[in-house]
file upload_36.txt (compact mmCIF, C-alpha atoms and all ligand atoms)
# COMPACT_ATOMS: atom_id res chain seq x y z
CA MET A 147 106.77 106.11 68.80
CA LYS A 148 108.93 108.95 67.52
CA THR A 149 108.30 112.65 66.91
CA ILE A 150 110.38 115.28 65.13
CA THR A 151 111.12 118.40 67.20
CA GLU A 152 111.71 121.94 65.86
CA LYS A 153 115.44 121.29 65.61
CA ASN A 154 114.73 118.26 63.46
CA LYS A 155 115.82 115.99 66.26
CA VAL A 156 113.96 112.70 66.39
CA THR A 157 112.82 112.06 69.94
CA MET A 158 110.82 109.27 71.45
CA GLN A 159 107.42 110.16 72.85
CA ARG A 160 107.07 109.67 76.56
CA ILE A 161 104.75 107.45 78.58
CA PHE A 162 104.14 107.76 82.31
CA SER A 163 102.16 105.57 84.67
CA GLY A 164 102.02 104.62 88.33
CA ILE A 165 100.54 102.30 90.91
CA GLN A 166 99.87 102.94 94.58
CA PRO A 167 101.89 100.88 97.09
CA SER A 168 98.81 99.84 98.99
CA GLY A 169 97.12 96.46 99.29
CA ASN A 170 98.07 93.46 97.19
CA LEU A 171 98.77 93.97 93.51
CA HIS A 172 96.43 91.74 91.54
CA LEU A 173 95.74 90.39 88.08
CA GLY A 174 93.69 93.51 87.25
CA ASN A 175 96.72 95.73 87.90
CA TYR A 176 98.86 93.44 85.78
CA LEU A 177 96.46 92.99 82.84
CA GLY A 178 95.19 96.58 82.88
CA ALA A 179 98.48 98.40 83.41
CA ILE A 180 101.80 96.58 83.91
CA LYS A 181 101.44 94.22 80.93
CA GLN A 182 101.07 97.23 78.62
CA TRP A 183 104.11 98.90 80.14
CA GLU A 184 106.25 95.88 79.50
CA GLN A 185 105.35 96.05 75.81
CA LEU A 186 105.42 99.84 75.40
CA GLN A 187 108.80 100.42 77.06
CA TYR A 188 110.55 99.43 73.82
CA GLU A 189 108.59 101.98 71.75
CA TYR A 190 108.39 104.93 74.14
CA GLU A 191 110.61 106.68 76.62
CA SER A 192 109.01 105.22 79.71
CA ILE A 193 108.62 106.44 83.27
CA PHE A 194 106.97 104.18 85.85
CA CYS A 195 106.29 105.53 89.27
CA ILE A 196 105.31 104.14 92.66
CA VAL A 197 102.81 106.71 93.84
CA ASP A 198 103.23 106.63 97.60
CA LEU A 199 101.73 110.11 98.04
CA HIS A 200 98.54 108.82 96.44
CA ALA A 201 98.52 105.79 98.74
CA ILE A 202 98.50 108.00 101.85
CA THR A 203 95.21 109.62 100.86
CA VAL A 204 93.78 106.77 102.94
CA PRO A 205 95.45 105.68 106.21
CA GLN A 206 98.54 103.46 105.75
CA ASP A 207 100.59 101.67 108.36
CA PRO A 208 104.16 103.15 108.12
CA ILE A 209 105.94 99.78 108.27
CA GLU A 210 103.62 98.30 105.66
CA LEU A 211 103.92 101.37 103.40
CA ARG A 212 107.72 101.08 103.33
CA LYS A 213 107.48 97.35 102.64
CA LYS A 214 104.86 97.77 99.91
CA THR A 215 106.80 100.54 98.17
CA LEU A 216 109.73 98.18 97.66
CA GLU A 217 107.42 95.28 96.81
CA VAL A 218 105.73 97.25 94.03
CA ALA A 219 109.13 98.14 92.57
CA LYS A 220 110.08 94.46 92.59
CA ILE A 221 106.76 93.55 90.98
CA TYR A 222 107.42 95.99 88.13
CA LEU A 223 110.82 94.38 87.60
CA ALA A 224 109.58 90.78 87.88
CA ALA A 225 106.80 91.57 85.40
CA GLY A 226 109.39 92.56 82.81
CA VAL A 227 109.89 96.30 83.26
CA ASN A 228 113.50 96.70 82.18
CA PRO A 229 115.42 99.29 84.23
CA ASP A 230 117.83 99.78 81.33
CA LYS A 231 114.91 100.90 79.18
CA ALA A 232 112.46 102.48 81.61
CA THR A 233 112.91 104.81 84.58
CA LEU A 234 111.44 103.59 87.87
CA PHE A 235 111.14 105.88 90.85
CA VAL A 236 109.15 106.71 93.98
CA GLN A 237 106.87 109.74 93.64
CA SER A 238 107.80 111.34 96.99
CA GLN A 239 111.49 111.35 96.02
CA VAL A 240 110.87 114.02 93.37
CA LYS A 241 109.40 116.98 95.28
CA GLU A 242 108.24 118.74 92.14
CA HIS A 243 105.20 116.43 92.06
CA THR A 244 103.73 118.06 95.16
CA GLU A 245 104.86 121.52 94.07
CA LEU A 246 103.09 121.25 90.72
CA ALA A 247 100.05 119.68 92.39
CA TRP A 248 99.65 122.84 94.48
CA ILE A 249 99.91 125.07 91.44
CA LEU A 250 97.36 122.95 89.57
CA ASN A 251 95.10 123.18 92.62
CA THR A 252 94.81 126.86 91.85
CA MET A 253 93.48 125.94 88.41
CA ALA A 254 91.24 123.00 89.32
CA ARG A 255 87.61 123.66 90.19
CA LEU A 256 85.37 122.02 92.75
CA GLY A 257 83.08 121.04 89.90
CA ASP A 258 85.96 119.19 88.19
CA LEU A 259 86.69 117.11 91.25
CA GLU A 260 83.17 116.54 92.50
CA LYS A 261 82.31 114.45 89.47
CA MET A 262 85.17 111.96 89.90
CA THR A 263 83.63 108.53 90.32
CA GLN A 264 86.62 107.07 92.20
CA PHE A 265 86.23 109.81 94.82
CA LYS A 266 82.49 109.23 95.00
CA ASP A 267 83.01 105.46 95.47
CA LYS A 268 85.80 105.76 98.02
CA SER A 269 84.19 108.55 100.03
CA ALA A 270 80.81 106.81 100.08
CA LYS A 271 82.27 104.47 102.71
CA SER A 272 82.53 107.34 105.28
CA GLU A 273 80.55 110.30 106.64
CA LYS A 274 81.13 113.40 104.45
CA GLU A 275 82.63 115.39 107.36
CA THR A 276 85.36 112.80 107.86
CA VAL A 277 86.42 112.27 104.22
CA GLY A 278 90.05 113.34 103.69
CA VAL A 279 90.85 116.39 101.56
CA GLY A 280 93.76 114.41 100.04
CA LEU A 281 91.33 111.84 98.70
CA PHE A 282 89.32 114.61 97.04
CA ASP A 283 92.44 116.25 95.61
CA TYR A 284 93.99 112.96 94.47
CA PRO A 285 93.32 113.53 90.72
CA VAL A 286 95.15 116.88 90.81
CA LEU A 287 98.29 115.18 92.15
CA MET A 288 97.89 112.59 89.41
CA ALA A 289 97.64 115.38 86.82
CA ALA A 290 100.88 116.83 88.22
CA ASP A 291 102.60 113.42 87.89
CA ILE A 292 101.64 113.25 84.24
CA LEU A 293 102.15 116.88 83.19
CA LEU A 294 105.61 117.27 84.76
CA TYR A 295 107.17 115.07 82.10
CA ASP A 296 105.48 116.14 78.84
CA THR A 297 103.78 112.76 78.82
CA ALA A 298 102.13 111.82 75.53
CA LEU A 299 100.47 108.58 76.66
CA VAL A 300 99.32 107.22 80.00
CA PRO A 301 98.85 103.43 79.96
CA VAL A 302 96.27 102.58 82.64
CA GLY A 303 93.12 100.58 83.32
CA GLN A 304 89.67 101.88 82.40
CA ASP A 305 88.99 103.27 85.89
CA GLN A 306 91.68 105.94 85.47
CA ILE A 307 90.44 107.48 82.22
CA GLN A 308 88.34 110.07 84.03
CA HIS A 309 91.43 111.21 85.95
CA ILE A 310 93.38 111.54 82.71
CA GLU A 311 90.56 113.69 81.32
CA LEU A 312 91.15 116.05 84.26
CA ALA A 313 94.90 116.15 83.49
CA ARG A 314 93.98 117.12 79.93
CA THR A 315 91.59 119.81 81.14
CA LEU A 316 94.19 121.29 83.52
CA ALA A 317 96.92 121.23 80.85
CA LYS A 318 94.67 123.07 78.39
CA ARG A 319 93.50 125.54 81.02
CA PHE A 320 97.06 126.35 82.05
CA ASN A 321 98.27 126.61 78.44
CA ALA A 322 95.38 128.91 77.52
CA ARG A 323 96.12 131.24 80.42
CA PHE A 324 99.92 131.26 80.50
CA GLY A 325 101.02 130.01 77.08
CA GLU A 326 102.02 126.56 75.80
CA THR A 327 103.64 124.82 78.76
CA PHE A 328 102.19 121.33 79.07
CA THR A 329 101.74 118.50 76.60
CA VAL A 330 98.10 117.38 76.59
CA PRO A 331 98.28 113.65 77.45
CA GLN A 332 96.14 110.76 76.27
CA GLY A 333 95.09 107.63 78.11
CA LYS A 334 95.99 104.23 76.69
CA LEU A 335 93.96 101.14 77.45
CA SER A 336 94.78 97.49 76.83
CA ASP A 337 91.88 95.82 75.03
CA GLU A 338 90.21 93.17 77.18
CA GLY A 339 92.53 93.78 80.12
CA ALA A 340 91.34 97.34 80.66
CA LEU A 341 88.68 96.32 83.13
CA ILE A 342 89.03 93.05 85.04
CA MET A 343 86.07 92.52 87.33
CA GLY A 344 85.98 91.19 90.89
CA LEU A 345 85.77 87.40 91.22
CA ASP A 346 83.14 87.77 93.93
CA ASP A 347 81.15 90.45 92.10
CA PRO A 348 81.48 90.83 88.32
CA THR A 349 79.67 94.18 88.40
CA LYS A 350 82.59 95.88 90.20
CA LYS A 351 86.26 96.10 89.21
CA MET A 352 88.83 93.81 90.78
CA SER A 353 90.32 96.02 93.50
CA LYS A 354 93.13 95.75 96.01
CA SER A 355 91.06 97.58 98.59
CA ALA A 356 88.15 95.13 98.22
CA ALA A 357 86.67 93.88 101.49
CA SER A 358 87.21 90.20 100.66
CA GLU A 359 90.42 88.58 99.38
CA TYR A 360 88.14 86.42 97.23
CA ASN A 361 87.61 89.52 95.08
CA TYR A 362 91.07 89.27 93.48
CA ILE A 363 93.95 87.01 92.53
CA SER A 364 97.01 88.59 94.07
CA LEU A 365 100.22 88.40 92.03
CA THR A 366 101.77 86.72 95.06
CA ASP A 367 99.04 84.09 95.58
CA GLU A 368 100.33 80.53 95.59
CA ALA A 369 98.81 77.89 93.30
CA GLU A 370 96.65 76.37 96.05
CA MET A 371 95.17 79.80 96.85
CA VAL A 372 94.52 80.47 93.15
CA ARG A 373 92.60 77.17 92.88
CA LYS A 374 90.57 78.04 95.96
CA LYS A 375 89.70 81.51 94.72
CA ILE A 376 88.75 80.39 91.20
CA LYS A 377 86.61 77.58 92.60
CA LYS A 378 84.78 80.14 94.73
CA ALA A 379 84.44 82.73 91.94
CA VAL A 380 80.79 83.53 91.22
CA THR A 381 79.33 82.26 87.95
CA ASP A 382 76.20 83.04 85.93
CA SER A 383 73.10 80.93 85.47
CA GLY A 384 73.29 78.10 82.93
CA SER A 385 76.20 75.73 82.44
CA GLU A 386 77.43 76.54 78.94
CA ILE A 387 80.87 78.16 78.53
CA VAL A 388 79.99 81.08 76.24
CA TYR A 389 81.33 84.62 76.01
CA SER A 390 78.44 87.00 76.23
CA ASP A 391 77.46 90.31 77.83
CA ASP A 392 74.57 88.72 79.68
CA LYS A 393 77.02 86.38 81.44
CA PRO A 394 79.30 88.97 83.09
CA ALA A 395 80.99 86.58 85.52
CA LEU A 396 81.91 84.08 82.81
CA LYS A 397 82.90 86.87 80.41
CA ASN A 398 85.39 88.12 83.00
CA LEU A 399 86.84 84.64 83.61
CA ILE A 400 87.16 84.00 79.86
CA ASN A 401 88.91 87.38 79.46
CA ILE A 402 91.46 86.40 82.10
CA TYR A 403 91.90 82.97 80.47
CA THR A 404 92.39 84.55 77.04
CA LEU A 405 94.87 87.18 78.21
CA LEU A 406 97.05 84.74 80.15
CA SER A 407 96.96 81.76 77.78
CA GLY A 408 97.03 83.47 74.39
CA LYS A 409 94.03 81.32 73.32
CA THR A 410 91.19 83.12 71.54
CA LYS A 411 87.63 83.25 72.92
CA GLU A 412 86.53 80.98 70.07
CA GLU A 413 89.20 78.41 70.93
CA ILE A 414 88.08 78.47 74.53
CA ALA A 415 84.39 78.09 73.60
CA LYS A 416 85.33 75.10 71.43
CA LEU A 417 87.53 73.55 74.09
CA TYR A 418 84.70 73.54 76.64
CA GLN A 419 81.83 72.57 74.35
CA GLY A 420 79.76 70.00 76.20
CA LYS A 421 81.80 70.53 79.36
CA GLY A 422 80.77 72.55 82.39
CA TYR A 423 82.11 75.14 84.81
CA GLY A 424 84.07 72.50 86.76
CA ASP A 425 86.47 71.69 83.91
CA PHE A 426 86.69 75.30 82.81
CA LYS A 427 87.53 76.54 86.29
CA ASN A 428 90.09 73.81 86.93
CA ASP A 429 91.93 74.71 83.74
CA LEU A 430 91.67 78.45 84.34
CA ALA A 431 93.23 78.00 87.79
CA GLU A 432 96.13 76.12 86.17
CA VAL A 433 96.55 78.81 83.48
CA ILE A 434 96.78 81.47 86.20
CA ALA A 435 99.08 79.41 88.43
CA ASN A 436 101.35 78.66 85.46
CA PHE A 437 101.55 82.35 84.65
CA LEU A 438 102.29 83.29 88.27
CA ALA A 439 104.94 80.63 89.01
CA PRO A 440 107.79 82.05 86.86
CA PHE A 441 106.77 85.59 87.79
CA GLN A 442 107.00 84.74 91.50
CA ALA A 443 110.34 82.98 90.99
CA ARG A 444 111.73 86.18 89.43
CA LEU A 445 110.22 88.26 92.23
CA LYS A 446 111.98 86.15 94.88
CA ASN A 447 115.31 86.72 93.20
CA ILE A 448 115.20 90.50 93.33
CA SER A 449 116.76 91.82 96.52
CA ASP A 450 115.66 94.92 98.45
CA ASP A 451 119.05 96.48 97.79
CA GLU A 452 118.77 95.95 94.05
CA ALA A 453 115.30 97.50 93.97
CA LEU A 454 116.41 100.42 96.16
CA ALA A 455 119.39 101.18 93.94
CA ILE A 456 117.17 101.20 90.82
CA LEU A 457 114.66 103.53 92.52
CA HIS A 458 117.33 105.95 93.68
CA SER A 459 119.04 106.18 90.33
CA GLY A 460 115.60 106.56 88.68
CA ALA A 461 114.79 109.57 90.89
CA GLU A 462 118.21 111.11 90.19
CA LYS A 463 117.72 110.71 86.46
CA ILE A 464 114.19 112.08 86.37
CA ARG A 465 114.53 115.01 88.80
CA PRO A 466 116.20 117.42 86.32
CA LEU A 467 113.26 117.00 83.92
CA ALA A 468 110.81 117.83 86.67
CA GLN A 469 112.89 120.82 87.80
CA LYS A 470 113.08 122.18 84.27
CA LYS A 471 109.32 121.97 83.85
CA MET A 472 108.75 123.69 87.19
CA GLN A 473 111.03 126.54 86.17
CA ALA A 474 108.99 127.05 83.01
CA VAL A 475 105.76 126.95 85.03
CA LYS A 476 107.02 129.47 87.58
CA GLU A 477 108.46 131.77 84.96
CA ARG A 478 105.14 131.90 83.11
CA MET A 479 103.17 132.50 86.28
CA GLY A 480 105.47 135.23 87.58
CA ILE A 481 106.75 133.19 90.50
CA LEU A 482 110.35 134.07 91.39
CA PHE A 483 112.80 131.18 91.31
P1 LIG A 501 92.12 100.47 94.63
O1 LIG A 501 91.00 99.65 94.11
O2 LIG A 501 92.50 100.16 96.03
O3 LIG A 501 91.98 101.93 94.35
P2 LIG A 501 93.47 99.43 92.43
O4 LIG A 501 93.43 97.97 92.57
O5 LIG A 501 92.55 100.12 91.50
O6 LIG A 501 93.39 100.05 93.87
P3 LIG A 501 95.55 101.20 91.59
O7 LIG A 501 96.86 101.46 92.22
O8 LIG A 501 94.51 102.25 91.81
O9 LIG A 501 94.95 99.83 92.05
O10 LIG A 501 95.71 100.95 90.05
C1 LIG A 501 96.91 100.73 89.39
C2 LIG A 501 96.68 100.48 87.92
O11 LIG A 501 95.97 99.26 87.74
C3 LIG A 501 95.84 101.57 87.23
O12 LIG A 501 96.34 101.76 85.92
C4 LIG A 501 94.48 100.98 87.18
O13 LIG A 501 93.68 101.49 86.15
C5 LIG A 501 94.81 99.50 86.95
N1 LIG A 501 93.73 98.66 87.47
C6 LIG A 501 93.32 98.59 88.76
N2 LIG A 501 92.31 97.73 88.88
C7 LIG A 501 92.07 97.23 87.63
C8 LIG A 501 91.15 96.29 87.11
N3 LIG A 501 90.29 95.70 87.88
N4 LIG A 501 91.19 96.01 85.79
C9 LIG A 501 92.09 96.63 84.98
N5 LIG A 501 93.00 97.54 85.42
C10 LIG A 501 92.99 97.83 86.72
N1 LIG A 502 95.54 107.08 90.32
C1 LIG A 502 96.24 105.99 89.71
C2 LIG A 502 97.68 105.92 90.13
C3 LIG A 502 98.41 107.07 89.55
C4 LIG A 502 98.76 107.26 88.19
C5 LIG A 502 99.45 108.49 88.12
C6 LIG A 502 98.52 106.50 87.03
C7 LIG A 502 98.90 108.14 90.23
N2 LIG A 502 99.52 108.98 89.39
C8 LIG A 502 99.89 109.00 86.91
C9 LIG A 502 98.99 107.03 85.82
C10 LIG A 502 99.65 108.26 85.78
C11 LIG A 502 95.56 104.70 90.09
O1 LIG A 502 95.77 103.78 89.42
N3 LIG A 502 94.82 104.64 91.10
call {"tool": "encode", "arguments": {"input": "upload_36.txt", "output": "structure tokens", "more": "lines below"}}
Ligand code: ATP
Ligand code: LTN
result
Amino acid sequence: MKTITEKNKVTMQRIFSGIQPSGNLHLGNYLGAIKQWEQLQYEYESIFCIVDLHAITVPQDPIELRKKTLEVAKIYLAAGVNPDKATLFVQSQVKEHTELAWILNTMARLGDLEKMTQFKDKSAKSEKETVGVGLFDYPVLMAADILLYDTALVPVGQDQIQHIELARTLAKRFNARFGETFTVPQGKLSDEGALIMGLDDPTKKMSKSAASEYNYISLTDEAEMVRKKIKKAVTDSGSEIVYSDDKPALKNLINIYTLLSGKTKEEIAKLYQGKGYGDFKNDLAEVIANFLAPFQARLKNISDDEALAILHSGAEKIRPLAQKKMQAVKERMGILF
């Protein structure tokens, strides 16, 4: 996507997105977010971040956090993010993210944050007095991530749209008070992949912080594990393989089948006419395993050193953009720099 600037220069619009290095990345993360990135990187100037400062809003084991940060980078690469096209970096390596988050904190209102459903869900697991302030403030840091880079589009899953709304609100509020400074971003969803539901509960999204590993298919699950998880996945009443809103479990499984096989829903319905869940689930497990095998082979071939070098050069490349935006922000606010 290209735009023409005042000086008649044609520039590519920018996309920005990120994933937390916590838990096991799953098919929901891939189908909702990473798959879109892989396609969009050729049309947009793309920045993909590993948001470690978001991950620490809930307790993380330091050794695991370091390991996961590299693993997520490798997953981006194995899933087809091309480091010659897109910039990959770790959020904490560009300090301007936290600096802008603080400034945006002075613009965000309690009322903005109190309505965030992700905060309500995550904090519901603990007593109010013990819920972390970082968890509450999480969407402001996310707004900073996005607004630092004049992001036009933010490719994410459905659950993040409310956070992008906040980024839009904060950009407009800042611009109205201090003059045009931030681009107002838009969320971008993939069609059926935008909301993949849990295998053990089709009323809730597939989530890496789910209590049971039977909630998700991890991108690193081996074929045998995939078969086990799909076999155990909950189904709806009746035995017919039909795509319908009143069969949420089956609808979710058919969505996954469609997205990974390229077959349409109609083709799938036809294929399983007169057959039952057994055949459908066996084939779905194979479709998933066949998708994961080459992905996992690529993942194995990416070394820590290779991933580290890409992340460091990504941070170097991106930092000047962030610094330039912070200078503009400070100048407008009357902060000396
Ligand atoms: P958690 O549930 O622990 O908060 P998560 O699994 O939602 O973690 P995130 O790091 O929060 O993972 O999300 C990374 C990206 O994956 C975001 O763009 C998010 O919208 C997308 N995503 C996460 N879960 C799903 C899902 N079930 N379906 C579609 N997209 C998803
Ligand atoms: N909150 C997001 C992760 C995230 C993000 C971002 C996504 C942090 N900063 C900026 C897009 C743009 C999540 O998926 N949980």
call {"tool": "closest_residue", "arguments": {"input": "upload_36.txt", "among": "A:Met262, A:Leu438, A:Leu345, A:Leu316", "to": "Leu281 in chain A", "atoms": "only C-alpha atoms"}}
result
A:Met262
call {"tool": "residues_around", "arguments": {"input": "upload_36.txt", "residues": "Asp198 in chain A", "least_positions_apart": "2", "cutoff": "8 Å", "atoms": "only C-alpha atoms", "output": "list of chain:residue names"}}
result
A:Gln166, A:Pro167, A:Ile196, A:His200, A:Ala201, A:Ile202, A:Leu211, A:Thr215, A:Val236, A:Gln237, A:Ser238
call {"tool": "closest_residue", "arguments": {"input": "upload_36.txt", "among": "A:Ile161, A:Ile310, A:Met343, A:Ile481", "to": "Tyr284 in chain A", "atoms": "only C-alpha atoms"}}
result
A:Ile310
call {"tool": "atom_distance", "arguments": {"input": "upload_36.txt", "atom1": "CA of Ala474 in chain A", "atom2": "CA of Glu191 in chain A"}}
result
21.4 Å
call {"tool": "residues_around", "arguments": {"input": "upload_36.txt", "residues": "range 461-469 of chain A", "least_positions_apart": "2", "cutoff": "10 Å", "atoms": "all atoms listed in the file", "output": "PDB file with C-alpha atoms, in the frame of the given file"}}
result
ATOM      1  CA  ILE A 193     108.620 106.440  83.270  1.00  0.00           C
ATOM      2  CA  CYS A 195     106.290 105.530  89.270  1.00  0.00           C
ATOM      3  CA  THR A 233     112.910 104.810  84.580  1.00  0.00           C
ATOM      4  CA  LEU A 234     111.440 103.590  87.870  1.00  0.00           C
ATOM      5  CA  PHE A 235     111.140 105.880  90.850  1.00  0.00           C
ATOM      6  CA  VAL A 236     109.150 106.710  93.980  1.00  0.00           C
ATOM      7  CA  GLN A 237     106.870 109.740  93.640  1.00  0.00           C
ATOM      8  CA  SER A 238     107.800 111.340  96.990  1.00  0.00           C
ATOM      9  CA  GLN A 239     111.490 111.350  96.020  1.00  0.00           C
ATOM     10  CA  VAL A 240     110.870 114.020  93.370  1.00  0.00           C
ATOM     11  CA  LYS A 241     109.400 116.980  95.280  1.00  0.00           C
ATOM     12  CA  GLU A 242     108.240 118.740  92.140  1.00  0.00           C
ATOM     13  CA  HIS A 243     105.200 116.430  92.060  1.00  0.00           C
ATOM     14  CA  LEU A 246     103.090 121.250  90.720  1.00  0.00           C
ATOM     15  CA  ASP A 291     102.600 113.420  87.890  1.00  0.00           C
ATOM     16  CA  LEU A 293     102.150 116.880  83.190  1.00  0.00           C
ATOM     17  CA  LEU A 294     105.610 117.270  84.760  1.00  0.00           C
ATOM     18  CA  TYR A 295     107.170 115.070  82.100  1.00  0.00           C
ATOM     19  CA  ASP A 296     105.480 116.140  78.840  1.00  0.00           C
ATOM     20  CA  ILE A 456     117.170 101.200  90.820  1.00  0.00           C
ATOM     21  CA  LEU A 457     114.660 103.530  92.520  1.00  0.00           C
ATOM     22  CA  HIS A 458     117.330 105.950  93.680  1.00  0.00           C
ATOM     23  CA  SER A 459     119.040 106.180  90.330  1.00  0.00           C
ATOM     24  CA  LYS A 471     109.320 121.970  83.850  1.00  0.00           C
ATOM     25  CA  MET A 472     108.750 123.690  87.190  1.00  0.00           C
ATOM     26  CA  GLN A 473     111.030 126.540  86.170  1.00  0.00           C
ATOM     27  CA  ALA A 474     108.990 127.050  83.010  1.00  0.00           C
ATOM     28  CA  VAL A 475     105.760 126.950  85.030  1.00  0.00           C
TER      29      VAL A 475
END
call {"tool": "residues_near_ligand", "arguments": {"input": "upload_36.txt", "ligand": "ligand LIG 502 (chain A)", "cutoff": "7 Å", "atoms": "all atoms listed in the file", "output": "number ranges by chain"}}
result
A: 162-166, 197, 200, 285, 287-289, 291-292, 300-302, 306
